[in-house]
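Q: Below is input.pdb; it holds PDB, C-alpha atoms.
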ATOM      1  CA  MET A   7       6.574  -5.928  -0.511  1.00  0.00           C
ATOM      2  CA  MET A   8       8.572  -4.636  -3.474  1.00  0.00           C
ATOM      3  CA  VAL A   9       5.823  -2.211  -4.456  1.00  0.00           C
ATOM      4  CA  ASN A  10       5.684  -0.837  -0.911  1.00  0.00           C
ATOM      5  CA  ARG A  11       9.450  -0.429  -0.877  1.00  0.00           C
ATOM      6  CA  ARG A  12       9.286   1.511  -4.138  1.00  0.00           C
ATOM      7  CA  LEU A  13       6.531   3.731  -2.767  1.00  0.00           C
ATOM      8  CA  ILE A  14       8.623   4.465   0.319  1.00  0.00           C
ATOM      9  CA  SER A  15      11.574   5.373  -1.890  1.00  0.00           C
ATOM     10  CA  LEU A  16       9.327   7.903  -3.674  1.00  0.00           C
ATOM     11  CA  PHE A  17       9.040   9.849  -0.443  1.00  0.00           C
ATOM     12  CA  PHE A  18      12.637   9.566   0.763  1.00  0.00           C
ATOM     13  CA  GLY A  19      14.729   9.004  -2.347  1.00  0.00           C
ATOM     14  CA  LYS A  20      16.678   5.959  -3.359  1.00  0.00           C
ATOM     15  CA  LEU A  21      19.333   4.581  -1.038  1.00  0.00           C
ATOM     16  CA  GLU A  22      22.648   4.322  -2.860  1.00  0.00           C
ATOM     17  CA  PHE A  23      24.931   2.634  -0.363  1.00  0.00           C
ATOM     18  CA  LEU A  24      22.638   0.979   2.196  1.00  0.00           C
ATOM     19  CA  GLN A  25      21.398  -1.992   0.239  1.00  0.00           C
ATOM     20  CA  LEU A  26      21.771  -4.567   3.031  1.00  0.00           C
ATOM     21  CA  PRO A  27      19.496  -2.688   5.493  1.00  0.00           C
ATOM     22  CA  GLU A  28      16.957  -2.285   2.699  1.00  0.00           C
ATOM     23  CA  VAL A  29      16.946  -6.032   2.036  1.00  0.00           C
ATOM     24  CA  LEU A  30      16.835  -6.867   5.760  1.00  0.00           C
ATOM     25  CA  SER A  31      13.925  -4.492   6.340  1.00  0.00           C
ATOM     26  CA  SER A  32      12.048  -6.107   3.449  1.00  0.00           C
ATOM     27  CA  ILE A  33      12.669  -9.553   4.936  1.00  0.00           C
ATOM     28  CA  PHE A  34      11.451  -8.283   8.317  1.00  0.00           C
ATOM     29  CA  TYR A  35       8.301  -6.852   6.691  1.00  0.00           C
ATOM     30  CA  PHE A  36       7.601 -10.115   4.884  1.00  0.00           C
ATOM     31  CA  THR A  37       8.212 -12.202   8.015  1.00  0.00           C
ATOM     32  CA  VAL A  38       6.054 -10.075  10.322  1.00  0.00           C
ATOM     33  CA  THR A  39       3.109  -9.826   7.937  1.00  0.00           C
ATOM     34  CA  SER A  40       3.266 -13.507   6.993  1.00  0.00           C
ATOM     35  CA  LEU A  41       3.420 -14.725  10.588  1.00  0.00           C
ATOM     36  CA  GLY A  42       0.563 -12.431  11.592  1.00  0.00           C
ATOM     37  CA  TYR A  43      -1.555 -13.682   8.721  1.00  0.00           C
ATOM     38  CA  LEU A  44      -0.767 -17.378   9.126  1.00  0.00           C
ATOM     39  CA  PHE A  45      -1.093 -17.702  12.891  1.00  0.00           C
ATOM     40  CA  ILE A  46      -3.653 -15.107  13.918  1.00  0.00           C
ATOM     41  CA  HIS A  47      -5.510 -14.383  10.668  1.00  0.00           C
ATOM     42  CA  LYS A  48      -7.582 -11.407  11.839  1.00  0.00           C
ATOM     43  CA  PRO A  49      -7.962  -8.210   9.802  1.00  0.00           C
ATOM     44  CA  GLU A  50      -6.929  -6.024  12.742  1.00  0.00           C
ATOM     45  CA  VAL A  51      -3.705  -7.970  13.221  1.00  0.00           C
ATOM     46  CA  ASN A  52      -2.990  -7.855   9.477  1.00  0.00           C
ATOM     47  CA  ILE A  53      -3.326  -4.067   9.471  1.00  0.00           C
ATOM     48  CA  ILE A  54      -1.115  -3.689  12.548  1.00  0.00           C
ATOM     49  CA  THR A  55       1.589  -5.991  11.177  1.00  0.00           C
ATOM     50  CA  ASN A  56       1.542  -4.102   7.863  1.00  0.00           C
ATOM     51  CA  ILE A  57       1.948  -0.789   9.666  1.00  0.00           C
ATOM     52  CA  VAL A  58       4.763  -2.133  11.863  1.00  0.00           C
ATOM     53  CA  GLY A  59       6.561  -3.638   8.868  1.00  0.00           C
ATOM     54  CA  LEU A  60       6.203  -0.482   6.793  1.00  0.00           C
ATOM     55  CA  LEU A  61       7.417   1.674   9.689  1.00  0.00           C
ATOM     56  CA  TYR A  62      10.460  -0.554   9.969  1.00  0.00           C
ATOM     57  CA  MET A  63      11.061  -0.298   6.211  1.00  0.00           C
ATOM     58  CA  ALA A  64      10.707   3.495   6.323  1.00  0.00           C
ATOM     59  CA  GLY A  65      12.951   3.653   9.386  1.00  0.00           C
ATOM     60  CA  ILE A  66      16.137   3.019   7.404  1.00  0.00           C
ATOM     61  CA  TYR A  67      15.619   6.128   5.271  1.00  0.00           C
ATOM     62  CA  PRO A  68      16.779   9.547   6.449  1.00  0.00           C
ATOM     63  CA  GLY A  69      13.931  11.887   7.354  1.00  0.00           C
ATOM     64  CA  SER A  70      11.712  12.993  10.192  1.00  0.00           C
ATOM     65  CA  ARG A  71       9.472  10.584  12.058  1.00  0.00           C
ATOM     66  CA  LYS A  72       6.457  12.641  11.098  1.00  0.00           C
ATOM     67  CA  LYS A  73       7.239  12.190   7.402  1.00  0.00           C
ATOM     68  CA  LYS A  74       7.822   8.449   7.877  1.00  0.00           C
ATOM     69  CA  VAL A  75       4.509   7.966   9.693  1.00  0.00           C
ATOM     70  CA  LEU A  76       2.671   9.997   7.039  1.00  0.00           C
ATOM     71  CA  CYS A  77       4.322   7.951   4.293  1.00  0.00           C
ATOM     72  CA  VAL A  78       3.352   4.661   5.959  1.00  0.00           C
ATOM     73  CA  PHE A  79      -0.262   5.665   6.474  1.00  0.00           C
ATOM     74  CA  LEU A  80      -0.593   6.925   2.897  1.00  0.00           C
ATOM     75  CA  ILE A  81       0.767   3.628   1.594  1.00  0.00           C
ATOM     76  CA  CYS A  82      -1.591   1.684   3.871  1.00  0.00           C
ATOM     77  CA  PHE A  83      -4.485   3.828   2.701  1.00  0.00           C
ATOM     78  CA  LEU A  84      -3.593   3.249  -0.939  1.00  0.00           C
ATOM     79  CA  ASN A  85      -3.319  -0.504  -0.357  1.00  0.00           C
ATOM     80  CA  MET A  86      -6.622  -0.660   1.514  1.00  0.00           C
ATOM     81  CA  SER A  87      -8.384   1.461  -1.116  1.00  0.00           C
ATOM     82  CA  CYS A  88      -7.234  -0.895  -3.863  1.00  0.00           C
ATOM     83  CA  ASP A  89      -8.361  -3.860  -1.774  1.00  0.00           C
ATOM     84  CA  VAL A  90     -11.799  -2.310  -1.190  1.00  0.00           C
ATOM     85  CA  MET A  91     -12.211  -1.562  -4.895  1.00  0.00           C
ATOM     86  CA  VAL A  92     -11.461  -5.169  -5.829  1.00  0.00           C
ATOM     87  CA  VAL A  93     -13.801  -6.548  -3.152  1.00  0.00           C
ATOM     88  CA  ILE A  94     -16.580  -4.245  -4.374  1.00  0.00           C
ATOM     89  CA  PHE A  95     -16.122  -5.440  -7.961  1.00  0.00           C
ATOM     90  CA  PHE A  96     -16.264  -9.103  -6.898  1.00  0.00           C
ATOM     91  CA  LEU A  97     -19.057  -8.658  -4.353  1.00  0.00           C
ATOM     92  CA  ASN A  98     -21.587 -10.864  -6.141  1.00  0.00           C
ATOM     93  CA  TYR A  99     -19.187 -13.529  -7.446  1.00  0.00           C
ATOM     94  CA  ASP A 100     -19.313 -16.569  -5.179  1.00  0.00           C
ATOM     95  CA  ILE A 101     -18.591 -19.015  -7.967  1.00  0.00           C
ATOM     96  CA  ALA A 102     -15.626 -20.743  -6.398  1.00  0.00           C
ATOM     97  CA  ASP A 103     -13.548 -20.991  -3.244  1.00  0.00           C
ATOM     98  CA  SER A 104     -10.542 -19.608  -5.087  1.00  0.00           C
ATOM     99  CA  ILE A 105     -12.169 -16.196  -5.600  1.00  0.00           C
ATOM    100  CA  GLY A 106     -10.145 -14.903  -2.618  1.00  0.00           C
ATOM    101  CA  GLN A 107      -6.915 -15.796  -4.376  1.00  0.00           C
ATOM    102  CA  ILE A 108      -8.085 -14.048  -7.525  1.00  0.00           C
ATOM    103  CA  GLN A 109      -9.038 -10.964  -5.499  1.00  0.00           C
ATOM    104  CA  GLY A 110      -5.632 -10.941  -3.821  1.00  0.00           C
ATOM    105  CA  SER A 111      -3.825 -11.174  -7.141  1.00  0.00           C
ATOM    106  CA  ILE A 112      -5.887  -8.398  -8.703  1.00  0.00           C
ATOM    107  CA  THR A 113      -5.339  -6.214  -5.619  1.00  0.00           C
ATOM    108  CA  VAL A 114      -1.565  -6.597  -5.867  1.00  0.00           C
ATOM    109  CA  LEU A 115      -1.717  -5.852  -9.585  1.00  0.00           C
ATOM    110  CA  LEU A 116      -3.815  -2.734  -8.970  1.00  0.00           C
ATOM    111  CA  ILE A 117      -1.417  -1.521  -6.268  1.00  0.00           C
ATOM    112  CA  ALA A 118       1.522  -2.062  -8.628  1.00  0.00           C
ATOM    113  CA  VAL A 119      -0.208  -0.162 -11.440  1.00  0.00           C
ATOM    114  CA  ASN A 120      -0.983   2.712  -9.060  1.00  0.00           C
ATOM    115  CA  SER A 121       2.641   2.714  -7.905  1.00  0.00           C
ATOM    116  CA  VAL A 122       3.921   3.007 -11.473  1.00  0.00           C
ATOM    117  CA  PHE A 123       1.365   5.719 -12.234  1.00  0.00           C
ATOM    118  CA  ILE A 124       2.363   7.724  -9.149  1.00  0.00           C
ATOM    119  CA  ARG A 125       6.065   7.311  -9.908  1.00  0.00           C
ATOM    120  CA  LYS A 126       5.578   8.557 -13.481  1.00  0.00           C
ATOM    121  CA  LEU A 127       3.616  11.575 -12.274  1.00  0.00           C
ATOM    122  CA  ILE A 128       6.297  12.452  -9.746  1.00  0.00           C
ATOM    123  CA  GLN A 129       9.106  11.987 -12.252  1.00  0.00           C
ATOM    124  CA  ARG A 130       7.441  14.424 -14.631  1.00  0.00           C
ATOM    125  CA  LYS A 131       6.995  17.139 -12.060  1.00  0.00           C
ATOM    126  CA  LYS A 132       8.698  16.848  -8.702  1.00  0.00           C
ATOM    127  CA  LYS A 133       6.125  19.183  -7.132  1.00  0.00           C
ATOM    128  CA  LEU A 134       3.320  16.650  -7.595  1.00  0.00           C
ATOM    129  CA  ILE A 135       4.449  14.829  -4.441  1.00  0.00           C
ATOM    130  CA  ILE A 136       2.680  17.612  -2.523  1.00  0.00           C
ATOM    131  CA  TYR A 137      -0.602  16.969  -4.303  1.00  0.00           C
ATOM    132  CA  PHE A 138      -0.482  13.162  -4.018  1.00  0.00           C
ATOM    133  CA  PRO A 139      -1.944  13.017  -0.476  1.00  0.00           C
ATOM    134  CA  ILE A 140      -4.744  15.359  -1.526  1.00  0.00           C
ATOM    135  CA  GLY A 141      -5.615  13.016  -4.394  1.00  0.00           C
ATOM    136  CA  VAL A 142      -5.618  10.022  -2.081  1.00  0.00           C
ATOM    137  CA  VAL A 143      -7.799  11.811   0.462  1.00  0.00           C
ATOM    138  CA  THR A 144     -10.341  12.819  -2.183  1.00  0.00           C
ATOM    139  CA  PHE A 145     -10.373   9.272  -3.540  1.00  0.00           C
ATOM    140  CA  ASN A 146     -11.713   7.853  -0.264  1.00  0.00           C
ATOM    141  CA  PRO A 147     -15.143   9.541  -0.442  1.00  0.00           C
ATOM    142  CA  CYS A 148     -15.575   8.156  -3.961  1.00  0.00           C
ATOM    143  CA  VAL A 149     -14.949   4.630  -2.680  1.00  0.00           C
ATOM    144  CA  GLN A 150     -17.290   5.203   0.264  1.00  0.00           C
ATOM    145  CA  TYR A 151     -20.012   6.509  -2.047  1.00  0.00           C
ATOM    146  CA  GLY A 152     -19.627   3.530  -4.362  1.00  0.00           C
ATOM    147  CA  ASN A 153     -19.763   1.176  -1.388  1.00  0.00           C
ATOM    148  CA  ASP A 154     -22.952   2.867  -0.125  1.00  0.00           C
ATOM    149  CA  LEU A 155     -24.567   2.565  -3.538  1.00  0.00           C
ATOM    150  CA  LEU A 156     -23.749  -1.137  -3.841  1.00  0.00           C
ATOM    151  CA  CYS A 157     -24.796  -2.011  -0.300  1.00  0.00           C
ATOM    152  CA  SER A 158     -28.080  -0.090  -0.449  1.00  0.00           C
ATOM    153  CA  LYS A 159     -29.462  -2.239  -3.290  1.00  0.00           C
TER     154      LYS A 159
END
Starting from the coordinates I provided, produce the structure as structure tokens.
A:
Amino acid sequence: MMVNRRLISLFFGKLEFLQLPEVLSSIFYFTVTSLGYLFIHKPEVNIITNIVGLLYMAGIYPGSRKKKVLCVFLICFLNMSCDVMVVIFFLNYDIADSIGQIQGSITVLLIAVNSVFIRKLIQRKKKLIIYFPIGVVTFNPCVQYGNDLLCSK
């Protein structure tokens, strides 16, 4: 939740005076995604609740709707790509029931590392925000290719 909020602030800038709406939107995001996961527990519902929560979080920032939707889908894509990478790495490890918890923890860590890396790149050169979506889009075929290689064996 905090990493997603920081990624949203990369696109729209940091809010200086509206701290209460930022906290309330984070609570809403946490509540919606948690309830969707606990009660329904389907991947489709998890994706939808993440998108709804992120749209609500992005909604408090000034900017066009088009930019907010693009921001949300890029964040979702980054999160899903990190999740896919971790699942691919742990594909053949069925050693314990807690492997799902380990995968979840590593996914969150990988998303946080990517967030810091992206923030540092953008802080160095403000124009890199334009090239970030291109890098994310070119990353997807690499993940797909790796997935095809692992599944074909």
Q: Please determine, counting all atoms listed in the file, which residue among A:Val114, A:Leu60, A:Val90, A:Ile105 has the shortest atom-to-atom distance to A:Ser31.
A: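 That would be A:Leu60, the residue with the smallest distance to A:Ser31.
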Q: Identify, on the basis of only C-alpha atoms, every residue whose closest approach to A:Ile112 does not exceed 9 Å; exclude the query and any residue fewer than 4 positions from it along the same chain; express the result as number ranges by chain.
A: A: 89, 92, 107-108, 116-117
Q: A:Phe34, A:Phe95, A:Phe18, A:Tyr43: which is nearest A:Ser70, counting only C-alpha atoms?
A: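 Ranking A:Phe34, A:Phe95, A:Phe18, A:Tyr43 by distance to A:Ser70, first place goes to A:Phe18.
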Q: Can you pull out every residue within 12 Å of A:Asn85, counting all atoms listed in the file, but drop anything in the same chain fewer than 6 positions away, and send it as a VMD selection string?
A: chain A and resid 7 9 to 10 13 53 56 to 57 60 78 to 79 91 to 92 110 112 to 121 142 146
Q: What is the atom CA of A:Pro68-atom CA of A:Gln25 distance in Å, reported with one decimal?
A: 13.9 Å
Q: By how many Å are atom CA of A:Val93 and atom CA of A:Gln109 apart?
A: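 We find that atom CA of A:Val93 and atom CA of A:Gln109 lie 6.9 Å from each other.
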Q: Would you work out the distance separating atom CA of A:Ile54 from atom CA of A:Val38, expressed in Å to one decimal?
A: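 Atom-to-atom, atom CA of A:Ile54 to atom CA of A:Val38, that is 9.9 Å.
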Q: Point out the residue among A:Pro27, A:Ser15, A:Met8, A:Phe83 with the least atom-to-atom distance to A:Arg125, counting only C-alpha atoms.
A: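 Answer, going by the shortest atom-to-atom distance: A:Ser15.
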Q: Centre and edge lengths, as lines of an AutoDock Vina configuration file, for the axis-aligned box enclosing every listed atom of stretch 13-32 of chain A with 4 Å of padding on each of the six sides, in Å to one decimal?
A:
center_x = 15.7
center_y = 1.5
center_z = 1.3
size_x = 26.4
size_y = 24.7
size_z = 18.0
Q: Considering all atoms listed in the file, state which residue in the set A:Phe45, A:Ser32, A:Leu61, A:Ile128 is at the smallest distance from A:Cys77.
A: A:Leu61
Q: Which residue, A:Lys74, A:Arg130, A:Arg11, A:His47, has the smallest gap to A:Leu30 when you use all atoms listed in the file?
A: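 For A:Leu30, the nearest of the candidates is A:Arg11.
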Q: Looking at A:Cys88, A:Val122, A:Leu26, A:Leu41, which one is nearest to A:Gly59, with distances taken over all atoms listed in the file?
A: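 When distances to A:Gly59 are compared using all atoms listed in the file, the smallest one comes from A:Leu41.
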